[in-house]
Amino acid sequence: MYAQMIKSTGEGVKSLEDMDPDERAFQERINAGGKIEPKDWMPDGYRKTLIRQIGQHAHSEIVGQLPEGNWITRAPTLERKAILLAKVQDEAGHGLYLYCAAETLGVSRDQLTRDLLSGKMKYSSIFNYPTLTWADMGAVGWLVDGAAIMNQVPLQRTSYGPYARAMVRICKEESFHQRQGYDIMMKMAQGTEAQRKMAQDALNRFWYPSLMMFGPSDAESVHSAQSMAWKIKVNTNDELRQKFVDQTVPQAHYLGLTVPDDDLKFNEETGHWDFSQPDWNEFFDVLKGNGPCNVERLEARNKAWDDGRWVREGLLAHAAKKKATHLAAE
Amino acid sequence: MTDPLFEYLCRMGDNTLVLSHRVSEWCGVAPVLEEDIALANTALDLIGQTQLWLGLAGEIEGKGRDADTLAFRRDVWDFRNVLLAEQPNGDFGQTMMRQYLFDAWHLLQLKALKGSSNAQISAIAEKAVKEVTYHVERSGDTVIGLGDGTEESHQRMQKALDRLWPYVGELFVSDAVDQALSAKGIAPEPTSLREEYDTAVNAVLAEATLTRPDSDFAHQGGKTGVRHTEHLGHMLTEMQWLQRAYPDATW
């Protein structure tokens, strides 16, 4: 998942006794592992929180095309170009299913798009970092998709049916993306001196931004507590971040690369890797619009949308003419 | 003269290589999400065809060059794609018009190649024809939809057609390479495809309410490699950069 800092009702979780009968039945169904479907009754807060979360995820897929699209025309072999292009195409597809899932909650894709383009809705902080060398295509697949999978796998069991089903499909494709990223890193790490240098540099630049993808610690957050009660969030940010570090550190070692954290150490007692937190001030700066690429990313999306206006209008006008001719013929 | 078969396979492979590259430049910035996906599909099919055509070219040449070496280590004068394929994307209308004008030819070419006396060529054409049948359907529909859409979309499509039409004629010019291959039943005479092309294109343009330019003047020099446009060099600069900057590396 690429959702960060999703606000819920902000009111804390109600006990079953304090709920009215509809809400109580809804919560009991979730507690029993049942799925909520679009036509079912749901609390307003559940609907709004999900729209924010799914919308942010969809936007992340769309904006996420840009940092990788940056290397498609410079991919070093025909096969690498095809794999990268297919991956970016999958991301557009993920955006599409997620917008569809959001639409089942009563918001249109056009409205969500307008909110992205105006800056009202956010996308994951990670896509505001630049991709500077070919090794970044490896690092993005390995680390960024790796972190996304950590979040998405549990969401296959999320309470909202259309979201859970979209996630099942997305997870299958994401694990392929992560493997292709790692494969690029292997080739680079075992390659020439320049390639090894590129690989290490990519890890250096993407390590902390990847840890930020999980969001700051939310152990005390009322928003997270509510989302967890509704099962639209399954684990805390810290749990997932730890799981990601535990999985990734041995992979980095296998590649012969150094994780850029002097305090990284395996803790025999806990069985986990101890690691340094990312610079959360940087994270909040990126969310506020001050990341290295925020301005370019939104400019690129706005330009694509504005340049495409005549195309969308033209195709709609043609479809309307066809329909009119069809009706006249009947 | 270079082996006509090698030359011909480079023409087929360079067409798909150069056009796939152009189409891939749209990644992430198409007018609507469905178009992002469809453009990527087209580019992916063309990259796959490139691997087959240039792979076979390298094999026929027998000097140890594979598809990647041919794609990433030749300079402009060795490229054999038609000038139409290297034309810049322009707006979405120009991109789709270029695609349609190419696809309509590509389909006829591949259909003819299915009957090639060369079994490897016939096998590649068999696979590619399925993909290109879909490409031409989609690009034709888009040309129709935008040509017969709004006033603005109509004007843009007419402008794209006027801009690109002088590059259509090269697809049908016959030279010594074509003659050598058609004599052996390996590939069709390019001129033999023109009539069917005109019929198909005229029908689409009519439905699109677009006017086919009066002049059939044809720029030439792409498929012979004698004189490409200035655009190709810039494309290769970007496409070949990593391979050129790190010649010892494998990727």
# chains A, B, ... in the order shown; residues from 1 in each chain; ligands from 1
call {"tool": "closest_atom_pairs", "arguments": {"of": "chain B", "to": "chain A", "cutoff": "8 Å", "atoms": "only C-alpha atoms", "output": "JSON lines"}}
result
{"residue": "B:His21", "atom": "CA", "partner": "A:Thr73", "partner_atom": "CA", "distance": 6.7}
{"residue": "B:Ser24", "atom": "CA", "partner": "A:Thr73", "partner_atom": "CA", "distance": 7.0}
{"residue": "B:Glu25", "atom": "CA", "partner": "A:Thr73", "partner_atom": "CA", "distance": 6.6}
{"residue": "B:Cys27", "atom": "CA", "partner": "A:Gly69", "partner_atom": "CA", "distance": 5.8}
{"residue": "B:Gly28", "atom": "CA", "partner": "A:Gln65", "partner_atom": "CA", "distance": 5.4}
{"residue": "B:Val29", "atom": "CA", "partner": "A:Ala304", "partner_atom": "CA", "distance": 4.9}
{"residue": "B:Ala30", "atom": "CA", "partner": "A:Ala304", "partner_atom": "CA", "distance": 6.1}
{"residue": "B:Pro31", "atom": "CA", "partner": "A:Gly308", "partner_atom": "CA", "distance": 3.9}
{"residue": "B:Val32", "atom": "CA", "partner": "A:Gly308", "partner_atom": "CA", "distance": 7.1}
{"residue": "B:Leu33", "atom": "CA", "partner": "A:Ala92", "partner_atom": "CA", "distance": 6.5}
{"residue": "B:Asp36", "atom": "CA", "partner": "A:Ala92", "partner_atom": "CA", "distance": 7.1}
{"residue": "B:Ile37", "atom": "CA", "partner": "A:Gln89", "partner_atom": "CA", "distance": 5.6}
{"residue": "B:Ala40", "atom": "CA", "partner": "A:Gln89", "partner_atom": "CA", "distance": 6.2}
{"residue": "B:Asn41", "atom": "CA", "partner": "A:Gln89", "partner_atom": "CA", "distance": 8.0}
{"residue": "B:Leu44", "atom": "CA", "partner": "A:Ala82", "partner_atom": "CA", "distance": 5.9}
{"residue": "B:Ile47", "atom": "CA", "partner": "A:Ala82", "partner_atom": "CA", "distance": 6.7}
{"residue": "B:Gly48", "atom": "CA", "partner": "A:Ala82", "partner_atom": "CA", "distance": 7.8}
{"residue": "B:Gln51", "atom": "CA", "partner": "A:Leu78", "partner_atom": "CA", "distance": 7.1}
{"residue": "B:Asp68", "atom": "CA", "partner": "A:Thr77", "partner_atom": "CA", "distance": 6.0}
{"residue": "B:Phe72", "atom": "CA", "partner": "A:Thr77", "partner_atom": "CA", "distance": 7.7}
{"residue": "B:Phe92", "atom": "CA", "partner": "A:Val311", "partner_atom": "CA", "distance": 7.6}
{"residue": "B:Gly93", "atom": "CA", "partner": "A:Val311", "partner_atom": "CA", "distance": 7.8}
{"residue": "B:Thr142", "atom": "CA", "partner": "A:Leu315", "partner_atom": "CA", "distance": 7.8}
{"residue": "B:Gly145", "atom": "CA", "partner": "A:Leu315", "partner_atom": "CA", "distance": 5.3}
{"residue": "B:Leu146", "atom": "CA", "partner": "A:Gly314", "partner_atom": "CA", "distance": 5.2}
{"residue": "B:Asp148", "atom": "CA", "partner": "A:His318", "partner_atom": "CA", "distance": 5.9}
{"residue": "B:Gly149", "atom": "CA", "partner": "A:Gly314", "partner_atom": "CA", "distance": 4.2}
{"residue": "B:Thr150", "atom": "CA", "partner": "A:Gly314", "partner_atom": "CA", "distance": 4.9}
{"residue": "B:Glu152", "atom": "CA", "partner": "A:Trp310", "partner_atom": "CA", "distance": 6.9}
{"residue": "B:Ser153", "atom": "CA", "partner": "A:Gly314", "partner_atom": "CA", "distance": 5.5}
{"residue": "B:Glu238", "atom": "CA", "partner": "A:Arg74", "partner_atom": "CA", "distance": 5.8}
{"residue": "B:Met239", "atom": "CA", "partner": "A:Arg74", "partner_atom": "CA", "distance": 4.8}
{"residue": "B:Gln240", "atom": "CA", "partner": "A:Arg74", "partner_atom": "CA", "distance": 6.9}
{"residue": "B:Trp241", "atom": "CA", "partner": "A:Arg74", "partner_atom": "CA", "distance": 6.8}
{"residue": "B:Leu242", "atom": "CA", "partner": "A:Pro76", "partner_atom": "CA", "distance": 5.7}
{"residue": "B:Gln243", "atom": "CA", "partner": "A:Pro76", "partner_atom": "CA", "distance": 6.0}
{"residue": "B:Asp248", "atom": "CA", "partner": "A:Thr192", "partner_atom": "CA", "distance": 7.6}
{"residue": "B:Ala249", "atom": "CA", "partner": "A:Thr192", "partner_atom": "CA", "distance": 6.1}
{"residue": "B:Thr250", "atom": "CA", "partner": "A:Gly191", "partner_atom": "CA", "distance": 7.0}
{"residue": "B:Trp251", "atom": "CA", "partner": "A:Lys187", "partner_atom": "CA", "distance": 6.2}
call {"tool": "select_by_dssp", "arguments": {"residues": "segment 38-283 of chain A", "states": "strand (DSSP E)", "output": "ChimeraX atom specification"}}
result
/A:265-267,272-274
call {"tool": "write_last_selection", "arguments": {"atoms": "N, CA, C and O atoms", "output": "compact mmCIF listing (two decimals), in the first residue's frame"}}
result
# COMPACT_ATOMS: atom_id res chain seq x y z
N LYS A 265 22.11 -3.32 13.66
CA LYS A 265 22.72 -4.44 14.39
C LYS A 265 21.68 -5.51 14.66
O LYS A 265 20.53 -5.19 15.01
N PHE A 266 22.06 -6.76 14.51
CA PHE A 266 21.10 -7.82 14.81
C PHE A 266 20.99 -7.98 16.32
O PHE A 266 21.99 -8.09 17.03
N ASN A 267 19.76 -7.97 16.80
CA ASN A 267 19.53 -8.06 18.23
C ASN A 267 19.17 -9.50 18.58
O ASN A 267 18.08 -9.98 18.23
N HIS A 272 15.38 -9.54 16.01
CA HIS A 272 15.15 -8.57 14.94
C HIS A 272 16.37 -7.68 14.75
O HIS A 272 17.23 -7.60 15.62
N TRP A 273 16.41 -6.99 13.63
CA TRP A 273 17.45 -6.01 13.38
C TRP A 273 17.08 -4.69 14.05
O TRP A 273 15.96 -4.20 13.88
N ASP A 274 18.03 -4.12 14.82
CA ASP A 274 17.84 -2.76 15.35
C ASP A 274 18.33 -1.80 14.27
O ASP A 274 19.37 -2.04 13.65
call {"tool": "residues_around", "arguments": {"residues": "segment 53-55 of chain B", "least_positions_apart": "5", "cutoff": "9 Å", "atoms": "only C-alpha atoms", "output": "ChimeraX atom specification"}}
result
/B:9-14,16,48,60,65-68,70-71,121,124
call {"tool": "residues_around", "arguments": {"residues": "Trp142 of chain A", "least_positions_apart": "2", "cutoff": "7 Å", "atoms": "only C-alpha atoms", "output": "mmCIF file with C-alpha atoms, in the first residue's frame"}}
result
data_model
loop_
_atom_site.group_PDB
_atom_site.id
_atom_site.type_symbol
_atom_site.label_atom_id
_atom_site.label_comp_id
_atom_site.auth_asym_id
_atom_site.auth_seq_id
_atom_site.Cartn_x
_atom_site.Cartn_y
_atom_site.Cartn_z
ATOM 1 C CA GLY A 138 16.600 -1.922 -9.303
ATOM 2 C CA ALA A 139 16.303 -0.105 -5.988
ATOM 3 C CA VAL A 140 12.752 1.029 -6.677
ATOM 4 C CA VAL A 144 9.835 0.458 -2.864
ATOM 5 C CA ASP A 145 7.794 -2.432 -4.203
ATOM 6 C CA GLY A 146 9.133 -4.539 -1.342
ATOM 7 C CA GLN A 178 10.028 -6.812 -6.599
ATOM 8 C CA ARG A 179 11.831 -9.808 -8.098
ATOM 9 C CA GLY A 181 14.056 -5.055 -9.156
ATOM 10 C CA TYR A 182 16.237 -7.425 -7.174
#
call {"tool": "residues_around", "arguments": {"residues": "Ile51 of chain A", "least_positions_apart": "3", "cutoff": "8 Å", "atoms": "only C-alpha atoms", "output": "PyMOL selection string"}}
result
chain A and resi 47-48+54-55+102+105+107
call {"tool": "write_last_selection", "arguments": {"atoms": "N, CA and C atoms", "output": "mmCIF file, in the first residue's frame"}}
result
data_model
loop_
_atom_site.group_PDB
_atom_site.id
_atom_site.type_symbol
_atom_site.label_atom_id
_atom_site.label_comp_id
_atom_site.auth_asym_id
_atom_site.auth_seq_id
_atom_site.Cartn_x
_atom_site.Cartn_y
_atom_site.Cartn_z
ATOM 1 N N ARG A 47 -16.652 5.015 5.312
ATOM 2 C CA ARG A 47 -16.677 5.340 3.888
ATOM 3 C C ARG A 47 -15.631 6.413 3.556
ATOM 4 N N LYS A 48 -15.629 7.472 4.352
ATOM 5 C CA LYS A 48 -14.711 8.589 4.063
ATOM 6 C C LYS A 48 -13.242 8.177 4.221
ATOM 7 N N ILE A 54 -7.954 4.511 -0.248
ATOM 8 C CA ILE A 54 -7.887 3.888 -1.580
ATOM 9 C C ILE A 54 -7.484 4.937 -2.620
ATOM 10 N N GLY A 55 -8.025 6.149 -2.448
ATOM 11 C CA GLY A 55 -7.682 7.233 -3.376
ATOM 12 C C GLY A 55 -6.192 7.529 -3.341
ATOM 13 N N ALA A 102 -12.668 2.620 -5.413
ATOM 14 C CA ALA A 102 -13.090 3.855 -4.741
ATOM 15 C C ALA A 102 -14.462 4.289 -5.255
ATOM 16 N N LEU A 105 -17.618 3.391 -3.588
ATOM 17 C CA LEU A 105 -17.955 4.103 -2.347
ATOM 18 C C LEU A 105 -18.633 5.439 -2.633
ATOM 19 N N VAL A 107 -17.606 7.940 -5.021
ATOM 20 C CA VAL A 107 -16.821 9.087 -5.481
ATOM 21 C C VAL A 107 -16.410 8.770 -6.926
#
call {"tool": "residues_around", "arguments": {"residues": "Asp3 of chain B", "least_positions_apart": "2", "cutoff": "9 Å", "atoms": "only C-alpha atoms", "output": "PyMOL selection string"}}
result
chain B and resi 1+5-8+60-61+177
call {"tool": "write_last_selection", "arguments": {"atoms": "N, CA, C and O atoms", "output": "PDB file, in the first residue's frame"}}
result
ATOM      1  N   MET B   1      27.062  -5.202 -52.449  1.00  0.00           N
ATOM      2  CA  MET B   1      25.867  -4.925 -51.637  1.00  0.00           C
ATOM      3  C   MET B   1      25.817  -5.872 -50.429  1.00  0.00           C
ATOM      4  O   MET B   1      26.230  -7.025 -50.518  1.00  0.00           O
ATOM      5  N   LEU B   5      18.926 -10.111 -47.507  1.00  0.00           N
ATOM      6  CA  LEU B   5      18.080 -10.660 -46.443  1.00  0.00           C
ATOM      7  C   LEU B   5      18.388  -9.948 -45.119  1.00  0.00           C
ATOM      8  O   LEU B   5      17.478  -9.571 -44.369  1.00  0.00           O
ATOM      9  N   PHE B   6      19.668  -9.759 -44.821  1.00  0.00           N
ATOM     10  CA  PHE B   6      20.063  -9.043 -43.602  1.00  0.00           C
ATOM     11  C   PHE B   6      19.492  -7.622 -43.625  1.00  0.00           C
ATOM     12  O   PHE B   6      18.914  -7.141 -42.655  1.00  0.00           O
ATOM     13  N   GLU B   7      19.662  -7.006 -44.781  1.00  0.00           N
ATOM     14  CA  GLU B   7      19.177  -5.638 -44.964  1.00  0.00           C
ATOM     15  C   GLU B   7      17.662  -5.570 -44.704  1.00  0.00           C
ATOM     16  O   GLU B   7      17.168  -4.688 -44.000  1.00  0.00           O
ATOM     17  N   TYR B   8      16.962  -6.512 -45.262  1.00  0.00           N
ATOM     18  CA  TYR B   8      15.503  -6.519 -45.135  1.00  0.00           C
ATOM     19  C   TYR B   8      15.080  -6.731 -43.676  1.00  0.00           C
ATOM     20  O   TYR B   8      14.157  -6.078 -43.171  1.00  0.00           O
ATOM     21  N   ILE B  60      21.495 -14.311 -39.349  1.00  0.00           N
ATOM     22  CA  ILE B  60      21.766 -14.376 -40.789  1.00  0.00           C
ATOM     23  C   ILE B  60      23.127 -13.755 -41.108  1.00  0.00           C
ATOM     24  O   ILE B  60      23.899 -14.268 -41.901  1.00  0.00           O
ATOM     25  N   GLU B  61      23.421 -12.662 -40.409  1.00  0.00           N
ATOM     26  CA  GLU B  61      24.688 -11.977 -40.661  1.00  0.00           C
ATOM     27  C   GLU B  61      25.868 -12.860 -40.240  1.00  0.00           C
ATOM     28  O   GLU B  61      26.925 -12.864 -40.886  1.00  0.00           O
ATOM     29  N   VAL B 177      16.886  -4.349 -52.875  1.00  0.00           N
ATOM     30  CA  VAL B 177      16.693  -5.317 -51.788  1.00  0.00           C
ATOM     31  C   VAL B 177      15.326  -5.985 -51.929  1.00  0.00           C
ATOM     32  O   VAL B 177      15.196  -7.215 -51.862  1.00  0.00           O
TER      33      VAL B 177
END
call {"tool": "residues_around", "arguments": {"residues": "segment 221-227 of chain A", "least_positions_apart": "4", "cutoff": "9 Å", "atoms": "only C-alpha atoms", "output": "PyMOL selection string"}}
result
chain A and resi 5-14+46+49-50+217+231-234+236
call {"tool": "select_by_dssp", "arguments": {"residues": "segment 86-138 of chain B", "states": "helix (DSSP H, G or I)", "output": "count of residues only"}}
result
44
call {"tool": "closest_residue", "arguments": {"among": "B:Arg73, B:Arg163, B:Arg80, B:Arg244", "to": "Thr224 of chain B", "atoms": "only C-alpha atoms"}}
result
B:Arg80
call {"tool": "atom_distance", "arguments": {"atom1": "atom CA of Val136 of chain B", "atom2": "atom CA of Asp103 of chain B"}}
result
5.1 Å
call {"tool": "decode", "arguments": {"residues": "segment 145-156 of chain A", "atoms": "all heavy atoms", "output": "short mmCIF file (atom, residue, chain, number, x, y, z; two decimals), in the first residue's frame"}}
result
data_model
loop_
_atom_site.label_atom_id
_atom_site.label_comp_id
_atom_site.auth_asym_id
_atom_site.auth_seq_id
_atom_site.Cartn_x
_atom_site.Cartn_y
_atom_site.Cartn_z
N ASP A 145 8.84 -1.42 -4.03
CA ASP A 145 7.79 -2.43 -4.20
C ASP A 145 7.83 -3.41 -3.03
O ASP A 145 6.79 -3.91 -2.61
CB ASP A 145 7.95 -3.16 -5.54
CG ASP A 145 7.62 -2.23 -6.71
OD1 ASP A 145 6.50 -1.71 -6.75
OD2 ASP A 145 8.49 -2.01 -7.56
N GLY A 146 9.02 -3.66 -2.52
CA GLY A 146 9.13 -4.54 -1.34
C GLY A 146 8.37 -3.97 -0.16
O GLY A 146 7.63 -4.68 0.53
N ALA A 147 8.52 -2.68 0.08
CA ALA A 147 7.81 -2.04 1.19
C ALA A 147 6.31 -2.02 0.92
O ALA A 147 5.49 -2.23 1.82
CB ALA A 147 8.33 -0.62 1.40
N ALA A 148 5.95 -1.79 -0.33
CA ALA A 148 4.53 -1.76 -0.68
C ALA A 148 3.89 -3.12 -0.42
O ALA A 148 2.80 -3.21 0.14
CB ALA A 148 4.35 -1.36 -2.14
N ILE A 149 4.62 -4.19 -0.78
CA ILE A 149 4.06 -5.54 -0.59
C ILE A 149 3.83 -5.83 0.90
O ILE A 149 2.83 -6.44 1.28
CB ILE A 149 5.00 -6.61 -1.18
CG1 ILE A 149 5.07 -6.45 -2.70
CG2 ILE A 149 4.52 -8.01 -0.85
CD1 ILE A 149 6.17 -7.29 -3.32
N MET A 150 4.79 -5.39 1.74
CA MET A 150 4.66 -5.59 3.19
C MET A 150 3.30 -5.11 3.67
O MET A 150 2.67 -5.69 4.53
CB MET A 150 5.67 -4.71 3.91
CG MET A 150 6.97 -5.29 4.31
SD MET A 150 6.85 -6.93 4.87
CE MET A 150 8.41 -7.53 4.39
N ASN A 151 2.89 -3.97 3.13
CA ASN A 151 1.64 -3.35 3.51
C ASN A 151 0.44 -3.98 2.86
O ASN A 151 -0.64 -4.04 3.43
CB ASN A 151 1.68 -1.89 3.04
CG ASN A 151 1.79 -0.96 4.20
OD1 ASN A 151 1.06 -1.10 5.17
ND2 ASN A 151 2.68 0.00 4.10
N GLN A 152 0.64 -4.43 1.61
CA GLN A 152 -0.51 -4.86 0.82
C GLN A 152 -0.94 -6.29 1.11
O GLN A 152 -2.12 -6.61 1.00
CB GLN A 152 -0.20 -4.71 -0.67
CG GLN A 152 -0.26 -3.26 -1.07
CD GLN A 152 0.38 -3.00 -2.43
OE1 GLN A 152 1.03 -3.86 -2.99
NE2 GLN A 152 0.19 -1.81 -2.94
N VAL A 153 0.03 -7.13 1.47
CA VAL A 153 -0.31 -8.53 1.71
C VAL A 153 -1.40 -8.65 2.79
O VAL A 153 -2.43 -9.29 2.57
CB VAL A 153 0.94 -9.38 1.99
CG1 VAL A 153 0.57 -10.73 2.59
CG2 VAL A 153 1.72 -9.58 0.70
N PRO A 154 -1.22 -7.99 3.95
CA PRO A 154 -2.29 -8.09 4.95
C PRO A 154 -3.61 -7.46 4.48
O PRO A 154 -4.68 -7.90 4.90
CB PRO A 154 -1.76 -7.32 6.16
CG PRO A 154 -0.37 -6.94 5.87
CD PRO A 154 -0.04 -7.28 4.47
N LEU A 155 -3.52 -6.48 3.58
CA LEU A 155 -4.75 -5.82 3.12
C LEU A 155 -5.60 -6.70 2.20
O LEU A 155 -6.73 -6.36 1.89
CB LEU A 155 -4.42 -4.50 2.41
CG LEU A 155 -4.08 -3.36 3.36
CD1 LEU A 155 -3.60 -2.16 2.55
CD2 LEU A 155 -5.27 -2.97 4.22
N GLN A 156 -5.04 -7.84 1.80
CA GLN A 156 -5.87 -8.78 1.03
C GLN A 156 -7.01 -9.29 1.92
O GLN A 156 -8.00 -9.80 1.43
CB GLN A 156 -5.04 -9.98 0.56
CG GLN A 156 -3.98 -9.57 -0.44
CD GLN A 156 -3.14 -10.76 -0.88
OE1 GLN A 156 -3.37 -11.37 -1.90
NE2 GLN A 156 -2.14 -11.09 -0.09
#
